[in-house]
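Visitor: This structure is in structure tokens; I'll ask about it shortly.
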Amino acid sequence: MSGASGTEALSEFRRRCQNWIAANLPPKSAPAEDPVALQRLLFDSGYAGIPFPEEYGGAGLTLEHQQAFYDLAHELGRQVPSGVALMVSVGMLGPTILEHGSHEVKSRFLPGLLRGDDLWIQLLSEPRGGSDMAGARTRLVRDGDSYVLTGSKMWSTGAHQSDYGLCLARTDWEAPKHRGLSMIAVPLAPTTPGLVVQQTRSADGTMGEFCEEFFDDIVLPSENLIGEENIGWAVAQTLLFHERNAVANVGYGYIGWDQSESPAGAYEPGRVSDLIGIARQRGVDQNSSVRQLIADVFIEEAVLPLSSARVMTGMALGTHEGQWGSLLKLQESEAAIERVRAALAACGAEGVIWEGDDIELDNPGTSWLLARGGTLAGGSSEMQRNIISERLLGLPREPSVERGLSFNEVLRRQESFE
Amino acid sequence: MLGLPVQLQMSDEQEAFREAIRRFIETEVPLSKVRDLYGVAEGFESAWWQEAARLGWTSLFADERYGGGSLSGGRVRDAVILAEEIGRGLAPGPFLPVNIVAAAISRGGSDEIKTELLPALVAGEAVAVWAFAERAGRWTLNGLEAAIDRTGDGLLLTGAKHYVEAADNASHALVAALCDGLPTQAIVRLDGPGVAVRRGRSIDMTRRFGTICFENAPVEPAWVVGEVGQAAEALHQQLHIAVALQCAELVGVADRTLDFTIEYGRDRFAFGRPILSFQELKHRIADMVQWLEASKALAGALAEAVDEGDADAGRLAHTAKAYIGDKAARIVDDCVQITGGIGVTWEHDIHMYNRRAALLRALYGSPEEHKEELYCLLEATVGAST
């Protein structure tokens, strides 16, 4: 595990981090620090973007060093920058730009991203296509030194609070579906001419984190292109890979986002001790179906970190290469559904009915309305199963009705069904 | 990705051990031999068992002074390597009972018992079995009814022990019973007075079971393992080892079954396509791969917890058996469906895997029973905090 080719040995790195973490990061018991402020503190001390090259603002070390840093912070009970926004920026968009961006693109965007100054999101799904992401119809047209972007995106998390979005758009409509796409950085400031960002109202009635964006002939400099024109699908694949890893808390996404620790005071359906307490109060604690469901919740919670630790170990050893994040994402999101199901079983009527005129959200019934978000967002469970079976196991793909056809031809044939 | 072991990080010695076991099973007890043994009353051959013993099948938990010894110092972790391969190849032999008895007497037995039994067990010359469950087939301490009474003639054991693996092959049994109402265990000779063994079979091709009836059978005080009335902790420890080994074995069974089922499905064509190009089947395979990977993670964590004597080893044992017992059996079952009609014939090997999976699911407690035990443990901690 010691550093090859001049990389700082892990043991030395750990010693260095230990001192720095103890001296600089606030304890978890203290009031929660602003995540962006914490990220800047890490950046300014050389602990942000640990596996990113130094020339782009990183520490020039490895994923193992990054893991060691966040493990130490956890062991020492210290706060690290938390929240979805930084996870998406640093854990998903950062490594994607690192892999596909030109030197100029990386120099321009990565330092601000790693420092938390610029929050990045992905602009992939469209209102007409969730899983079929490569069927994107947002249009990107070259115009001299610029591009013009027209269309709309949906299911982008936190777009209303972000600085840049990485947008998948079609540059060649005569090429086959996957070969006519490009990826371009779109500034999300409300002042951007031609841009409208709207929050999507969730099934529980609240304005959630999801947004929908409308692009009306937005003019973008050609330097905003990430990767070459028409290789956008490869960039998107990289992004999705890092997204699954981030959800599964492995790889670049291992940046201290402990999903088992929800923010203090937040409602969490299906906490085992709560379920046992409720079942006892309601007198259904002798109902063996309820007992088995609650035990299942405990079991899935116990298994998840073990699976994830095994995959991390396997990645370091080389026994687990490729799309293992899909497997963990599938496991995690399906288990989350079962948690809510168990909460509904334990709570009975109390889970869906309450007194008074107020609309209450902290109950299993409302959680149930949103529970499927987890098995849909970040690639549906069905997509994860495709990835596991086709890419991890190498099973044959479904025959495609689109193979060899231009995207325009695909659309024409589709119209005959519509 | 199939075929990855429970323990990803093994020493060279452990790797060599795994290789040697795999080769030994492939050459000495291939599935064709397992089929032959179906018709043999004992279910295994004693000369073969002595060969297996020479490779380490009987010594991992035994006291070093009597020929035992582990590879890494982690006895359960070493034995998990063996259990997994046994599952993969459906090997016969009284692996689990012999090792549980060796572990128990190495830990709490007198020198007299150790001298009497351990060298012979380690050499594979004798078989000793673990007699724990009773008629109801429950592997919990509160299911014990067999009793050791203190009489003028010494200690006398009365009761019936059911579902005893390899009972008919054994010279001795390690019997769990109540003495003065408290858990006690002792080694009893099976050819002694007041002992009757009824042979039985199981759904498995080679694993035989039996019932042992004790009617005022004398128990020598020096053959009580540990102190009279103080066996609860040792019994829990033995149950944890048994569950850890059978979970690893179930992983081996499920991994091998899924592996050959996928190979079959790649080559099998229907409607002009390999059947595993159909999403319906691919998606089920993906779920099974996820369950299997999680099962491996859990089996490895349990082995480590039992080796290290972790305080939550019991909770983890219930968790592991509940999860792996359920998932491994479901994997084999769904592989039968994917295999198609040939999967329910004698000719295809898959029924042999289904047999072992169904046996292990039930033995040492079903997933449903372990979930109930788990709930009771969780409930107790919630009660304590409110």
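Each chain in the structure tokens gets a letter, A, B, ..., in the order shown, and its residues are numbered from 1; ligands are numbered from 1 in order too.
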Give me the range 204-269 of chain A side of the contact with range 83-88 of chain A, cut-off 8 Å, one line per residue showing its nearest atom pair and distance in Å at one decimal, counting only C-alpha atoms, sorted by chain and residue number, as a Markdown table.

Guide:
| residue | atom | partner | partner_atom | distance |
| --- | --- | --- | --- | --- |
| A:Glu243 | CA | A:Val88 | CA | 7.6 |
| A:Ala246 | CA | A:Met87 | CA | 7.2 |
| A:Gly253 | CA | A:Met87 | CA | 6.9 |
| A:Ile255 | CA | A:Met87 | CA | 7.3 |
| A:Trp257 | CA | A:Gly83 | CA | 7.1 |

Visitor: I'd like a table as a tab-separated table: residues in chain A with an atom no more than 7 Å from chain B, each row giving the shortest atom pair and its distance in Å to one decimal, only C-alpha atoms counted, sorted by chain and rising residue number.

Guide:
residue	atom	partner	partner_atom	distance
A:Ser273	CA	B:Val382	CA	6.0
A:Ile276	CA	B:Glu379	CA	6.5
A:Arg291	CA	B:Tyr375	CA	6.4
A:Gln292	CA	B:Lys371	CA	6.0
A:Ala295	CA	B:Tyr375	CA	5.6
A:Ile299	CA	B:Thr319	CA	5.6
A:Val303	CA	B:Leu298	CA	6.4
A:Leu306	CA	B:Ala297	CA	5.5
A:Ser307	CA	B:Ala294	CA	5.1
A:Arg310	CA	B:Ala297	CA	5.9
A:Gly314	CA	B:Leu8	CA	6.9
A:Leu327	CA	B:Gln290	CA	5.8
A:Gln331	CA	B:Gln290	CA	6.9
A:Arg385	CA	B:His283	CA	5.2
A:Asn386	CA	B:His283	CA	6.7
A:Ile388	CA	B:Ala286	CA	5.7
A:Ser389	CA	B:Ala286	CA	5.4
A:Leu395	CA	B:Leu276	CA	6.5
A:Pro396	CA	B:Ser277	CA	4.8
A:Arg397	CA	B:Ser277	CA	5.5
A:Glu398	CA	B:Ser277	CA	5.5

Visitor: Would you list, as a ChimeraX atom specification, the residues of range 12-192 of chain A that end up in strand (DSSP E or B) under DSSP run on this structure's backbone?

Guide: /A:27,78,120-123,126,129,139-143,146-157,164-170,176,181-187

Visitor: Quick one: residues within 8 Å of Glu165 in chain B, only C-alpha atoms counted, chain neighbours fewer than 6 positions away excluded, as a compact mmCIF listing (two decimals) with C-alpha atoms, in the first residue's frame?

Guide:
# COMPACT_ATOMS: atom_id res chain seq x y z
CA PRO B 94 -19.25 -34.82 8.76
CA PRO B 97 -20.27 -31.76 13.57
CA VAL B 129 -21.33 -35.51 16.53
CA TRP B 130 -23.13 -32.57 18.07
CA ARG B 207 -25.56 -35.97 4.57
CA ARG B 208 -27.24 -38.46 6.88
CA PHE B 209 -28.96 -37.60 10.11
CA GLY B 210 -30.26 -39.55 13.03
